[in-house]
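For reference, the structure discussed in these notes is given below.
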Amino acid sequence: MSPIHPLYAAMEPTIFEHMSGLARVHDAINLGQGFPDEPPHPDMIAAAARALAERSNQYPPAFGLPELRDAICGFYARRQGLTLSPEQVIVTSGATEALAAALLTFVQPGDEVILFQPAYDSYAPTVRRVGGIPVSVRLSPPDWRYDAAALAAAITPRTRVLMLNDPLNPAGTVASDAELAMLADTCVRHDLVAICDEVWEDVRFDGVPHRSLLSFAGMAERAVKIGSAGKIFGLTGWKTGWMCAAPELAAALGRAHQFLTFTTPPALQWAVAEGLGQPDAWFAAQRDGWAKSRRHLADALGRAGFTVLPNAATWFLCIDLAASGIALIDREFSERAVREAGVASIPVSALFEGDGPQHILRLCFAKDAAILDEAVVRLAAFRDALRSA
């Protein structure tokens, strides 16, 4: 009998690891895995270097440096109108760890967890590993809207948790206030905990301030808000995240966290605390740079004859392969494009459990304009070669 847990014995590498690995092997342009190519803001690097030289490099408090917990509260007060106290904040080693801690805290064996599909690929395996049962509610392109009837049909007496990713990766869409109100009402009526993955909250291009499900009536005592410095600052490798919840929930979340990573590098915590205190104009300039890249890729794809789906957030644009004149399903196109065209992408069907659309491809636009242009030229040439084959 194998000593390996069957969940991991049968598990394939994530689609992100797989496609990035192929990009390295084939020296391809990597528009698959989501990270910016531009250098990080020098203020953040200077803050981290200064903290390494001048601050303690020993274990910080397990629940996070007081300076960072204070800064997170201040950031959300300014940016989203939320009133939080430091005792409601637990600092984690990235949002993925926060998600795991939240599921460990609230899910017991046999509990059902609502997952909207497409979903970040850690959700379902982590639900299963803690003994829960993932229950999928499918969202459909091009708008990926939350449907009250579909959600109601998925809820049973065993449903305990609803997981919401807003803004939504991979689609880059944002839930409307009406959709959020419906989700909040559902959680309250069915006594559900909401685990809210809001890592893209400050990477929005619609000019509308982010609104957390935590802020809706009845949700303060049943929602966990998860954020990420990696997304806010474009520093994905720093793996500094956090959870915000009512004090009693936060205390329990902290106890789960202490047996996962226990703590997060203190220099990065001090740097993130300093960064969160920057004025709004500082963040606006950063978003403007990403918005420019977003427009650049969307325009280039459009000129090349690709159909781009609506997008309001994240570092990603999705294209409709079928509407762009491509007969291949997304997985086949993605696998062949990285090998034959030298461009890595993410097939959105890989982020569905079970049946899902097979004609949507995700591309990361947080790259240099020349790289984006070359990627579009290669993809268009590959599409034309498929048509003539």
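Please note that chains go A, B, ... in the order of the structure tokens, that every chain numbers its residues from 1, and that ligands are numbered from 1 in the order shown.
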Hey, which bits of segment 100-194 of chain A sit within 8 Å of segment 309-328 of chain A, and for each residue what's the closest pair of atoms and how far apart in Å (one decimal), counting only C-alpha atoms, rows by chain and increasing number, as a Markdown table?
| residue | atom | partner | partner_atom | distance |
| --- | --- | --- | --- | --- |
| A:Pro142 | CA | A:Leu309 | CA | 6.0 |
| A:Asp143 | CA | A:Pro310 | CA | 7.0 |
| A:Pro167 | CA | A:Ala313 | CA | 6.3 |
| A:Leu168 | CA | A:Thr314 | CA | 7.8 |
| A:Asn169 | CA | A:Thr314 | CA | 7.0 |
| A:Pro170 | CA | A:Phe316 | CA | 6.8 |
| A:Ala171 | CA | A:Cys318 | CA | 6.5 |
| A:Gly172 | CA | A:Ala313 | CA | 4.8 |
| A:Thr173 | CA | A:Asn311 | CA | 5.3 |
| A:Val174 | CA | A:Ala312 | CA | 6.5 |
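Selecting strand (DSSP E or B) from the backbone DSSP output for segment 40-145 of chain A yields Val89, Ile90, Val91, Thr92, Glu112, Val113, Ile114, Leu115, Phe116, Gln117, Ile133, Pro134, Val135, Ser136, Val137 and Arg138 of chain A.
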Mind writing the picked residues with C-alpha atoms as a tab-separated table (two decimals), in the first residue's frame?
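Just written: again04.tsv:
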chain	number	residue	atom	x	y	z
A	89	VAL	CA	-6.54	40.86	10.89
A	90	ILE	CA	-4.30	37.79	10.57
A	91	VAL	CA	-1.22	38.06	8.32
A	92	THR	CA	-0.47	34.97	6.24
A	112	GLU	CA	-20.40	20.93	1.45
A	113	VAL	CA	-18.63	23.98	0.05
A	114	ILE	CA	-20.05	26.04	-2.80
A	115	LEU	CA	-17.44	26.81	-5.48
A	116	PHE	CA	-18.25	29.03	-8.42
A	117	GLN	CA	-16.62	27.72	-11.58
A	133	ILE	CA	-17.23	18.17	-0.51
A	134	PRO	CA	-16.90	20.73	-3.32
A	135	VAL	CA	-20.20	21.63	-4.97
A	136	SER	CA	-19.82	23.49	-8.24
A	137	VAL	CA	-22.01	26.32	-9.50
A	138	ARG	CA	-21.09	27.06	-13.10
Closest contacts (segment 238-266 of chain A/segment 43-62 of chain A, max 7 Å, only C-alpha atoms) as CSV:
residue,atom,partner,partner_atom,distance
A:Gln258,CA,A:Ala62,CA,6.3
A:Phe262,CA,A:Ala62,CA,5.5
A:Thr263,CA,A:Ala62,CA,4.9
A:Pro266,CA,A:Pro60,CA,6.0
Please write the residues from the selection above to a file, keeping N, CA, C and O atoms, as a PDB file, in the first residue's frame.
ATOM      1  N   GLN A 258      -1.374  29.313  12.621  1.00  0.00           N
ATOM      2  CA  GLN A 258      -0.134  29.108  13.376  1.00  0.00           C
ATOM      3  C   GLN A 258       0.452  27.718  13.162  1.00  0.00           C
ATOM      4  O   GLN A 258       1.647  27.514  13.399  1.00  0.00           O
ATOM      5  N   PHE A 262       2.931  29.550  10.386  1.00  0.00           N
ATOM      6  CA  PHE A 262       3.202  30.218  11.652  1.00  0.00           C
ATOM      7  C   PHE A 262       3.386  31.720  11.479  1.00  0.00           C
ATOM      8  O   PHE A 262       2.741  32.525  12.127  1.00  0.00           O
ATOM      9  N   THR A 263       4.266  32.128  10.558  1.00  0.00           N
ATOM     10  CA  THR A 263       4.506  33.557  10.388  1.00  0.00           C
ATOM     11  C   THR A 263       5.065  33.827   8.997  1.00  0.00           C
ATOM     12  O   THR A 263       5.310  32.902   8.210  1.00  0.00           O
ATOM     13  N   PRO A 266       9.528  39.054   8.356  1.00  0.00           N
ATOM     14  CA  PRO A 266       9.216  40.367   8.942  1.00  0.00           C
ATOM     15  C   PRO A 266       9.595  41.539   8.060  1.00  0.00           C
ATOM     16  O   PRO A 266       8.882  42.551   8.028  1.00  0.00           O
TER      17      PRO A 266
END
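If you measure from each of A:Trp238, A:Phe16, A:Trp200, A:Phe216 to Arg362 of chain A using only C-alpha atoms, the closest one turns out to be A:Phe16.
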Cys364 of chain A: which residues within 10 Å, counting only C-alpha atoms, same-chain residues fewer than 5 positions away excluded, as a PDB file with C-alpha atoms, in the first residue's frame?
ATOM      1  CA  ASN A  30       4.813  33.406 -21.105  1.00  0.00           C
ATOM      2  CA  LEU A  31       1.362  34.991 -21.046  1.00  0.00           C
ATOM      3  CA  GLY A  32       0.123  32.090 -18.934  1.00  0.00           C
ATOM      4  CA  GLN A  33       1.171  32.516 -15.328  1.00  0.00           C
ATOM      5  CA  GLY A  34       0.064  35.843 -13.892  1.00  0.00           C
ATOM      6  CA  PHE A  35       2.911  38.096 -12.869  1.00  0.00           C
ATOM      7  CA  PRO A  36       4.095  41.512 -14.096  1.00  0.00           C
ATOM      8  CA  PRO A 170      -9.592  33.974 -14.760  1.00  0.00           C
ATOM      9  CA  SER A 293      -0.968  47.288 -20.964  1.00  0.00           C
ATOM     10  CA  ARG A 294      -4.548  45.991 -20.834  1.00  0.00           C
ATOM     11  CA  LEU A 297      -3.168  43.860 -25.662  1.00  0.00           C
ATOM     12  CA  THR A 314      -7.050  41.487 -12.829  1.00  0.00           C
ATOM     13  CA  TRP A 315      -4.006  41.179 -15.113  1.00  0.00           C
ATOM     14  CA  PHE A 316      -5.873  38.943 -17.570  1.00  0.00           C
ATOM     15  CA  LEU A 317      -7.827  39.137 -20.801  1.00  0.00           C
ATOM     16  CA  CYS A 318      -9.772  36.189 -22.190  1.00  0.00           C
ATOM     17  CA  ALA A 344       2.114  30.204 -23.354  1.00  0.00           C
ATOM     18  CA  SER A 345      -1.470  30.760 -22.226  1.00  0.00           C
ATOM     19  CA  ILE A 346      -4.002  29.234 -19.830  1.00  0.00           C
ATOM     20  CA  LEU A 372       2.591  41.661 -26.172  1.00  0.00           C
TER      21      LEU A 372
END
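For the choices A:Pro265, A:Gly81, A:Pro157, A:Pro357, the atom-to-atom distance to Ser215 of chain A is smallest for A:Gly81 when using only C-alpha atoms.
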Taking a cut-off of 10 Å and counting only C-alpha atoms, can you build a table that, for each residue of segment 148-245 of chain A near segment 94-99 of chain A, reports the nearest atom pair and how far apart they are in Å (one decimal), sorted by chain then residue number, as a Markdown table?
| residue | atom | partner | partner_atom | distance |
| --- | --- | --- | --- | --- |
| A:Met163 | CA | A:Leu99 | CA | 9.5 |
| A:Ile195 | CA | A:Leu99 | CA | 7.7 |
| A:Cys196 | CA | A:Leu99 | CA | 8.9 |
| A:Asp197 | CA | A:Leu99 | CA | 7.7 |
| A:Glu198 | CA | A:Ala95 | CA | 9.2 |
| A:Val199 | CA | A:Ala95 | CA | 7.3 |
| A:Val224 | CA | A:Leu99 | CA | 9.5 |
| A:Lys225 | CA | A:Ala98 | CA | 9.6 |
| A:Ile226 | CA | A:Ala95 | CA | 6.5 |
| A:Gly227 | CA | A:Ala95 | CA | 6.4 |
| A:Ser228 | CA | A:Ala95 | CA | 5.8 |
| A:Ala229 | CA | A:Gly94 | CA | 8.0 |
| A:Gly230 | CA | A:Gly94 | CA | 7.7 |
| A:Lys231 | CA | A:Ala95 | CA | 9.8 |
| A:Thr236 | CA | A:Gly94 | CA | 8.7 |
| A:Gly237 | CA | A:Gly94 | CA | 9.1 |
| A:Trp238 | CA | A:Gly94 | CA | 7.8 |
| A:Lys239 | CA | A:Gly94 | CA | 4.1 |
| A:Thr240 | CA | A:Gly94 | CA | 4.4 |
| A:Gly241 | CA | A:Gly94 | CA | 4.1 |
| A:Trp242 | CA | A:Ala98 | CA | 6.5 |
| A:Met243 | CA | A:Ala98 | CA | 6.3 |
| A:Cys244 | CA | A:Ala98 | CA | 10.0 |
Report, in Å to a single decimal, how far apart atom CA of Thr83 of chain A and atom CA of Ala246 of chain A are.
11.0 Å
Of A:Gly74, A:Asp288, A:Trp144, A:Gly254, the one sitting nearest Asp206 of chain A when using only C-alpha atoms is A:Asp288
Residue with the minimum atom-to-atom distance to Arg336 of chain A, picked from A:His190, A:Arg383, A:His359, A:Arg295 with only C-alpha atoms counted, is A:Arg383
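Counting from atom CA of Gly64 of chain A, the distance to atom CA of Pro86 of chain A is 9.6 Å.
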Can you list every residue in segment 146-361 of chain A that DSSP puts in helix (DSSP H, G or I), as a PyMOL selection string?
chain A and resi 148-154+177-190+213-215+229-233+236-238+247-257+266-276+280-303+330-341+348-351
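Computed from the coordinates, the atom CA of Arg339 of chain A to atom CA of Glu12 of chain A distance equals 19.8 Å.
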10 Å contact set for Ala148 of chain A, only C-alpha atoms, chain neighbours under 4 positions out, as a CSV table (one decimal) with C-alpha atoms, in the first residue's frame:
chain,number,residue,atom,x,y,z
A,152,ALA,CA,-30.3,27.9,-4.7
A,153,ALA,CA,-30.3,24.5,-6.5
A,179,GLU,CA,-25.2,40.0,-7.3
A,182,MET,CA,-28.0,38.2,-3.5
A,183,LEU,CA,-25.0,36.3,-2.3
A,186,THR,CA,-28.2,33.6,0.6
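Nearest residue to His41 of chain A, choosing from A:Met1, A:Ala154, A:Ile232, A:Ala10 and counting only C-alpha atoms: A:Ile232.
Residue nearest Cys73 of chain A, chosen from A:Ala298, A:Ala245, A:Pro13, A:Val107 and counting only C-alpha atoms: A:Ala245.
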